[in-house]
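A.B. asks: Take this structure first; my questions come after.
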Amino acid sequence: MPSEITLFYNCTILAIDEAGSVAEAMAVHDGMILAVGTLVQVRQDIAAFMAKDNPGTGHEIHVIDIDASGACIVPGFIDSHLHPGLYIYFKTQLDLSKVRSLKELEQAIKEDDATRPAGEWIFGKDLMEDLFDDPGERHFPTRRELDRAAPSRPVLVIRHDLHICAVNSAGLAAIGVDKDSMAGLAVAGGEIRIDVDGEPTGVFTELATAIPLERTPMPTMDRLKVAGKLFSAEIASHGITTFGGVVQLGEEGIAGKAGAIEMPLMELMIAEHVIAQDMVFYLVTTKPRQMKRIDTKLRKIDGGAGRLVVGGLKLYADGSFGARTAAMFEPFSDSPSGERGFMIRDEAALLALFKETDELGYQVAIHSIGDKANRVVVDLFSRLGNGRPLTRRHRIEHASTVDAGTIADAAKLGITFCCQPAFINSEYTWLEARLGADRVKQTYPFKSILDGGVALAGASDAPVESANVLKAIQACVTRHGLVPEECIPVMDAIRMFTISAARALGQENVKGSIEPGKLADFVLLDKDPRAVPVDKIESIQVRATYHRGTRIF
Ligand SMILES: [Zn+2]
């Protein structure tokens, strides 16, 4: 059977291997990297391979030369934490990310209203009320404000971080939330806000967001499939070839009952070959045994290709800065009522879940943002390992505010931090006000994390944030001037989204660097990120993305 070797030349290859090699050519065969080095070396390696593999038996190998016309080639980007089900779901909804005033919000809802049949819900996503032009409007909108835009149609709008949402009066009526029903709906770890008369304001926070979310109807499967293709194409356009996918298994989690369709949705996407990337799933459930069941199922579909794996259990320790629900030792600096967030689950329950997951052979991946949450979580990991380094690669997701002691202990235990540089892009304008001058220095402290010896993997948390990897890399390098002492060099930022992310997913033996024997996952960039001004990194174009030797963008 004839096969092909593809030889890429006229390029700069950042191999991201141990030695920090920079090469000028590489050869790809059968979805794997065959050779990397100078053009002369690579040609020699190809000749040697053909002599060995093709000893005059008539088994043909063609060599196809590809002039990469000066591209910079880096390993395929790996996003260690995004939410594929939500991303796909949100691809069917109204985008509010550009809205900067209540008037614009009203306008956006009115326009969407005109396109829908009567009675259908409007679901507005990515609202960022902190960025409203008028400081007087920087609160999450209430039912009354939404009623002005759509008096008769049910409307739900959700903040970009998913920790707070609001429903208008028609929506509250549709989901049966009123003054009388509220007591029966109350949930621990969340809030249904009320006004002075005890009426619901329409605003729901944290776990209470599940109340409206689980009652809004689902889009059709056909519409979801189209959205799935858009999702895969969009992340491929950012150079992503593998992602860690946080997926809700049942009704537990931030999307409530609606989240229960996430896994069936992903299974549909897999069965229909909608998604081009490899996936490592982190399952939101409090029944760790479910991981084994899903893993077995996925491995059977996968047939040993290593494209579908369950990585571990996703847990939540606390909330977010945006909603002032991250668990902090001291109150938020801009909170008139002295809010300091809270832990979502008690420590004993978390530790029990850590133990069960560890014994089953999976990773714990726990969302933890506030300084207190991170301290508590690191201490729990210490108890899991009886103070000794952990045997599995457990992860803290976000690890947003961490002091030097927490970093040092995390390093000793061998905990991986999966951080989202894109948070800096959306928070730098208000973060210092919320945390104060001291705590902001310990927030997203990527340089201190790396210097402290903690494994630091990159992630987007998409669709909460943009999946644009080059934009995230630039955020690591410039931080928009937010605590510039914590800026890291561009190569360190690239490592976060390649070899370190591969390691966070347990796949560093086959991914994360361009080396012979690894999968041929790589990205052609139009410029070398080392050679452009730091504020131009995000303007670098992704020319092509290859996944296992096949072009997916
Ligand atoms: Zn997340």
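The chains in the structure tokens are called A, B, ... from first to last as shown; in each chain the residues are counted from 1, and the ligands are counted from 1 in the order shown.
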Do you know which residues are within 10 Å of ligand 1 using only C-alpha atoms and all ligand atoms? Can you write them as a list in words?
C.D. replies: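 After applying the 10 Å limit, what remains is His81, Leu82, His83, Asp161, Leu162, Gly245, Val246, Val247, Ile254, Lys314, Leu315, Tyr316, Ile366, His367, Glu397, His398, Gln420, Ala459, Ser460, Asp461, Ala462, Pro463, Val464 and Glu465 of chain A.
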A.B. asks: Give the helix (DSSP H, G or I) residues of region 20-141 of chain A, as assigned by DSSP on the backbone, as a PyMOL selection string.
C.D. replies: chain A and resi 39-53+84-90+102-113+129-131+135-137
A.B. asks: Identify, on the basis of only C-alpha atoms, every residue whose closest approach to Leu353 (chain A) does not exceed 9 Å; exclude the query and any residue fewer than 3 positions from it along the same chain; express the result as an MDAnalysis selection string.
C.D. replies: chainID A and resid 286:288 313 315 348:350 356:358 364
A.B. asks: Which parts of region 122-184 of chain A does DSSP call strand (DSSP E or B) when run on the backbone here, written out as a list of chain:residue names?
C.D. replies: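 Matching residues for strand (DSSP E or B) in region 122-184 of chain A are A:Ile122, A:Phe123, A:Gly124, A:Lys125, A:Asp126, A:Leu127, A:Val155, A:Leu156, A:Val157, A:Ile158, A:Arg159, A:Ile164, A:Cys165, A:Ala166, A:Val167.
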A.B. asks: Just the number, please: distance in Å from CA of Gly202 (chain A) to CA of Glu251 (chain A), one decimal.
C.D. replies: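 A separation of 21.6 Å between them.
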A.B. asks: Find the residues around Asp535 (chain A) up to 10 Å (only C-alpha atoms counted), leave out those fewer than 5 positions away in its own chain, and share them as a list in words.
C.D. replies: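 Non-adjacent residues within range: Lys471, Gln474, Ala475, Val477, Thr478 and His480 of chain A.
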A.B. asks: If we count only C-alpha atoms and set the cut-off at 10 Å, which residues sit around Val377 (chain A), ignoring sequence neighbours fewer than 4 positions away in its own chain? Please answer as a PDB file with N, CA and C atoms, in the first residue's frame.
C.D. replies:
ATOM      1  N   ALA A 317     -14.711  24.177  44.457  1.00  0.00           N
ATOM      2  CA  ALA A 317     -14.479  24.578  45.844  1.00  0.00           C
ATOM      3  C   ALA A 317     -15.208  25.879  46.155  1.00  0.00           C
ATOM      4  N   GLU A 347     -15.292  20.484  53.772  1.00  0.00           N
ATOM      5  CA  GLU A 347     -13.980  19.861  53.561  1.00  0.00           C
ATOM      6  C   GLU A 347     -14.022  18.343  53.621  1.00  0.00           C
ATOM      7  N   LEU A 350     -15.311  16.991  50.414  1.00  0.00           N
ATOM      8  CA  LEU A 350     -14.319  17.111  49.344  1.00  0.00           C
ATOM      9  C   LEU A 350     -13.243  16.040  49.482  1.00  0.00           C
ATOM     10  N   LEU A 351     -12.745  15.872  50.706  1.00  0.00           N
ATOM     11  CA  LEU A 351     -11.664  14.904  50.921  1.00  0.00           C
ATOM     12  C   LEU A 351     -12.119  13.487  50.563  1.00  0.00           C
ATOM     13  N   ILE A 366     -10.032  20.419  40.624  1.00  0.00           N
ATOM     14  CA  ILE A 366     -10.964  21.182  41.452  1.00  0.00           C
ATOM     15  C   ILE A 366     -10.871  22.679  41.217  1.00  0.00           C
ATOM     16  N   HIS A 367     -12.021  23.247  40.879  1.00  0.00           N
ATOM     17  CA  HIS A 367     -12.147  24.699  40.687  1.00  0.00           C
ATOM     18  C   HIS A 367     -11.907  25.401  42.027  1.00  0.00           C
ATOM     19  N   SER A 368     -10.913  26.291  42.042  1.00  0.00           N
ATOM     20  CA  SER A 368     -10.596  27.005  43.273  1.00  0.00           C
ATOM     21  C   SER A 368     -10.015  28.364  42.917  1.00  0.00           C
ATOM     22  N   ASP A 371      -8.173  33.056  47.734  1.00  0.00           N
ATOM     23  CA  ASP A 371      -6.966  32.665  48.486  1.00  0.00           C
ATOM     24  C   ASP A 371      -7.289  31.622  49.553  1.00  0.00           C
ATOM     25  N   LYS A 372      -8.463  31.770  50.176  1.00  0.00           N
ATOM     26  CA  LYS A 372      -8.853  30.788  51.192  1.00  0.00           C
ATOM     27  C   LYS A 372      -9.151  29.433  50.550  1.00  0.00           C
ATOM     28  N   ALA A 373      -9.898  29.460  49.457  1.00  0.00           N
ATOM     29  CA  ALA A 373     -10.239  28.208  48.770  1.00  0.00           C
ATOM     30  C   ALA A 373      -8.963  27.464  48.376  1.00  0.00           C
ATOM     31  N   PHE A 381      -5.300  18.261  49.702  1.00  0.00           N
ATOM     32  CA  PHE A 381      -4.407  17.399  48.918  1.00  0.00           C
ATOM     33  C   PHE A 381      -3.279  16.859  49.798  1.00  0.00           C
ATOM     34  N   SER A 382      -2.824  17.704  50.716  1.00  0.00           N
ATOM     35  CA  SER A 382      -1.778  17.252  51.632  1.00  0.00           C
ATOM     36  C   SER A 382      -2.294  16.097  52.496  1.00  0.00           C
ATOM     37  N   ARG A 383      -3.547  16.231  52.935  1.00  0.00           N
ATOM     38  CA  ARG A 383      -4.139  15.144  53.733  1.00  0.00           C
ATOM     39  C   ARG A 383      -4.330  13.894  52.875  1.00  0.00           C
ATOM     40  N   ILE A 396      -5.464  21.826  40.296  1.00  0.00           N
ATOM     41  CA  ILE A 396      -6.340  22.915  40.752  1.00  0.00           C
ATOM     42  C   ILE A 396      -6.668  23.748  39.527  1.00  0.00           C
ATOM     43  N   ALA A 399      -6.733  28.387  40.278  1.00  0.00           N
ATOM     44  CA  ALA A 399      -5.717  28.735  41.288  1.00  0.00           C
ATOM     45  C   ALA A 399      -5.425  30.234  41.220  1.00  0.00           C
ATOM     46  N   THR A 406       1.167  28.874  49.808  1.00  0.00           N
ATOM     47  CA  THR A 406       0.307  27.937  49.078  1.00  0.00           C
ATOM     48  C   THR A 406       1.050  27.392  47.858  1.00  0.00           C
ATOM     49  N   ALA A 410       2.002  23.523  47.240  1.00  0.00           N
ATOM     50  CA  ALA A 410       1.505  22.868  46.018  1.00  0.00           C
ATOM     51  C   ALA A 410       2.669  22.236  45.250  1.00  0.00           C
TER      52      ALA A 410
END
A.B. asks: My list of candidates is A:Ala27, A:Leu185, A:Ala437, A:Ala501. Which is closest to Ile66 (chain A) when distances are computed with only C-alpha atoms?
C.D. replies: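 Smallest separation from Ile66 (chain A) among the options: A:Ala27.
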A.B. asks: Neighbouring residues of Val510 (chain A) were defined as those with any atom within 6 Å, considering only C-alpha atoms; residues of the same chain fewer than 3 positions away were excluded. Please report them as a list in words.
C.D. replies: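 Skipping anything fewer than 3 positions along the chain leaves Gln507, Lys518 and Leu519 of chain A.
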A.B. asks: Take the selection from the previous step and output its residues with N, CA and C atoms, as a PDB file, in the first residue's frame.
C.D. replies:
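See out-v7.pdb below for the written result:
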ATOM      1  N   GLN A 507      -0.646  13.239  28.860  1.00  0.00           N
ATOM      2  CA  GLN A 507      -0.375  12.804  27.485  1.00  0.00           C
ATOM      3  C   GLN A 507       0.961  13.323  26.955  1.00  0.00           C
ATOM      4  N   LYS A 518       6.287  11.303  18.286  1.00  0.00           N
ATOM      5  CA  LYS A 518       5.073  11.907  18.847  1.00  0.00           C
ATOM      6  C   LYS A 518       4.043  12.128  17.731  1.00  0.00           C
ATOM      7  N   LEU A 519       2.808  12.360  18.126  1.00  0.00           N
ATOM      8  CA  LEU A 519       1.743  12.619  17.161  1.00  0.00           C
ATOM      9  C   LEU A 519       2.037  13.900  16.376  1.00  0.00           C
TER      10      LEU A 519
END
A.B. asks: Could you state the separation of CA of Leu94 (chain A) and CA of Asp112 (chain A) in Å, given to one decimal place?
C.D. replies: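 Taking CA of Leu94 (chain A) as the start and CA of Asp112 (chain A) as the end point, the length is 7.3 Å.
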A.B. asks: Between A:Tyr362, A:Phe522, A:Tyr444, A:Tyr428, which residue has the minimum interatomic distance to Gly481 (chain A), considering only C-alpha atoms?
C.D. replies: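 Ranking A:Tyr362, A:Phe522, A:Tyr444, A:Tyr428 by distance to Gly481 (chain A), first place goes to A:Tyr428.
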A.B. asks: Give me, as an mmCIF file with all heavy atoms, in the first residue's frame, all polymer residues having an atom no more than 9 Å from Ser320 (chain A), counting only C-alpha atoms and skipping those fewer than 4 positions away in the same chain.
C.D. replies:
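Everything below was put into selection_39.cif:
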data_model
loop_
_atom_site.group_PDB
_atom_site.id
_atom_site.type_symbol
_atom_site.label_atom_id
_atom_site.label_comp_id
_atom_site.auth_asym_id
_atom_site.auth_seq_id
_atom_site.Cartn_x
_atom_site.Cartn_y
_atom_site.Cartn_z
ATOM 1 N N ASP A 161 -19.114 34.748 33.281
ATOM 2 C CA ASP A 161 -18.481 33.702 34.097
ATOM 3 C C ASP A 161 -19.479 32.654 34.594
ATOM 4 O O ASP A 161 -19.106 31.744 35.339
ATOM 5 C CB ASP A 161 -17.714 34.314 35.277
ATOM 6 C CG ASP A 161 -18.619 35.013 36.278
ATOM 7 O OD1 ASP A 161 -19.862 34.899 36.147
ATOM 8 O OD2 ASP A 161 -18.099 35.675 37.186
ATOM 9 N N HIS A 163 -21.679 32.649 36.778
ATOM 10 C CA HIS A 163 -21.971 32.547 38.203
ATOM 11 C C HIS A 163 -23.204 33.337 38.634
ATOM 12 O O HIS A 163 -23.582 33.311 39.791
ATOM 13 C CB HIS A 163 -20.757 32.981 39.040
ATOM 14 C CG HIS A 163 -19.637 31.989 38.971
ATOM 15 N ND1 HIS A 163 -19.492 30.973 39.879
ATOM 16 C CD2 HIS A 163 -18.643 31.837 38.065
ATOM 17 C CE1 HIS A 163 -18.432 30.255 39.564
ATOM 18 N NE2 HIS A 163 -17.891 30.746 38.464
ATOM 19 N N ARG A 324 -18.261 37.946 43.246
ATOM 20 C CA ARG A 324 -17.790 38.072 44.642
ATOM 21 C C ARG A 324 -18.154 36.830 45.472
ATOM 22 O O ARG A 324 -18.544 36.922 46.633
ATOM 23 C CB ARG A 324 -18.369 39.316 45.327
ATOM 24 C CG ARG A 324 -17.901 40.632 44.741
ATOM 25 C CD ARG A 324 -18.208 41.790 45.697
ATOM 26 N NE ARG A 324 -18.039 43.094 45.082
ATOM 27 C CZ ARG A 324 -19.021 43.753 44.458
ATOM 28 N NH1 ARG A 324 -20.235 43.240 44.366
ATOM 29 N NH2 ARG A 324 -18.774 44.934 43.934
ATOM 30 N N THR A 325 -18.013 35.676 44.834
ATOM 31 C CA THR A 325 -18.329 34.427 45.539
ATOM 32 C C THR A 325 -17.101 33.537 45.716
ATOM 33 O O THR A 325 -17.215 32.442 46.262
ATOM 34 C CB THR A 325 -19.421 33.650 44.779
ATOM 35 O OG1 THR A 325 -19.047 33.591 43.397
ATOM 36 C CG2 THR A 325 -20.767 34.320 44.911
ATOM 37 N N ALA A 326 -15.918 33.989 45.235
ATOM 38 C CA ALA A 326 -14.687 33.245 45.495
ATOM 39 C C ALA A 326 -14.410 33.300 47.001
ATOM 40 O O ALA A 326 -14.591 34.352 47.623
ATOM 41 C CB ALA A 326 -13.530 33.870 44.724
ATOM 42 N N ALA A 327 -13.970 32.173 47.580
ATOM 43 C CA ALA A 327 -13.755 32.142 49.037
ATOM 44 C C ALA A 327 -12.446 32.830 49.412
ATOM 45 O O ALA A 327 -11.367 32.352 49.081
ATOM 46 C CB ALA A 327 -13.756 30.699 49.528
ATOM 47 N N GLY A 341 -17.133 35.727 49.977
ATOM 48 C CA GLY A 341 -17.345 34.469 49.263
ATOM 49 C C GLY A 341 -17.537 33.309 50.211
ATOM 50 O O GLY A 341 -17.647 33.492 51.426
ATOM 51 N N SER A 368 -10.913 26.291 42.042
ATOM 52 C CA SER A 368 -10.596 27.005 43.273
ATOM 53 C C SER A 368 -10.015 28.364 42.917
ATOM 54 O O SER A 368 -9.006 28.456 42.231
ATOM 55 C CB SER A 368 -9.595 26.163 44.073
ATOM 56 O OG SER A 368 -9.238 26.831 45.242
ATOM 57 N N ILE A 369 -10.658 29.430 43.369
ATOM 58 C CA ILE A 369 -10.290 30.789 42.931
ATOM 59 C C ILE A 369 -9.736 31.643 44.074
ATOM 60 O O ILE A 369 -8.669 32.229 43.971
ATOM 61 C CB ILE A 369 -11.520 31.482 42.285
ATOM 62 C CG1 ILE A 369 -11.935 30.690 41.035
ATOM 63 C CG2 ILE A 369 -11.238 32.964 42.007
ATOM 64 C CD1 ILE A 369 -12.213 31.455 39.791
ATOM 65 N N GLY A 370 -10.460 31.724 45.173
ATOM 66 C CA GLY A 370 -10.065 32.621 46.262
ATOM 67 C C GLY A 370 -8.838 32.133 47.021
ATOM 68 O O GLY A 370 -8.511 30.949 46.986
#
A.B. asks: Which of these, A:Ile424, A:Leu96, A:Val310, A:Val532, has the shortest distance to Pro445 (chain A) once you count only C-alpha atoms?
C.D. replies: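 Smallest distance to Pro445 (chain A) is found for A:Ile424.
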A.B. asks: Which one of A:Glu24, A:Glu486, A:Asp95, A:Glu267 sits closest to Lys447 (chain A) if you count only C-alpha atoms?
C.D. replies: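 For Lys447 (chain A), the nearest of the given residues is A:Glu486.
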A.B. asks: Would you work out the distance separating CA of Gly304 (chain A) from CA of Leu268 (chain A), expressed in Å to one decimal?
C.D. replies: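 Here the two named atoms are 19.4 Å from each other.
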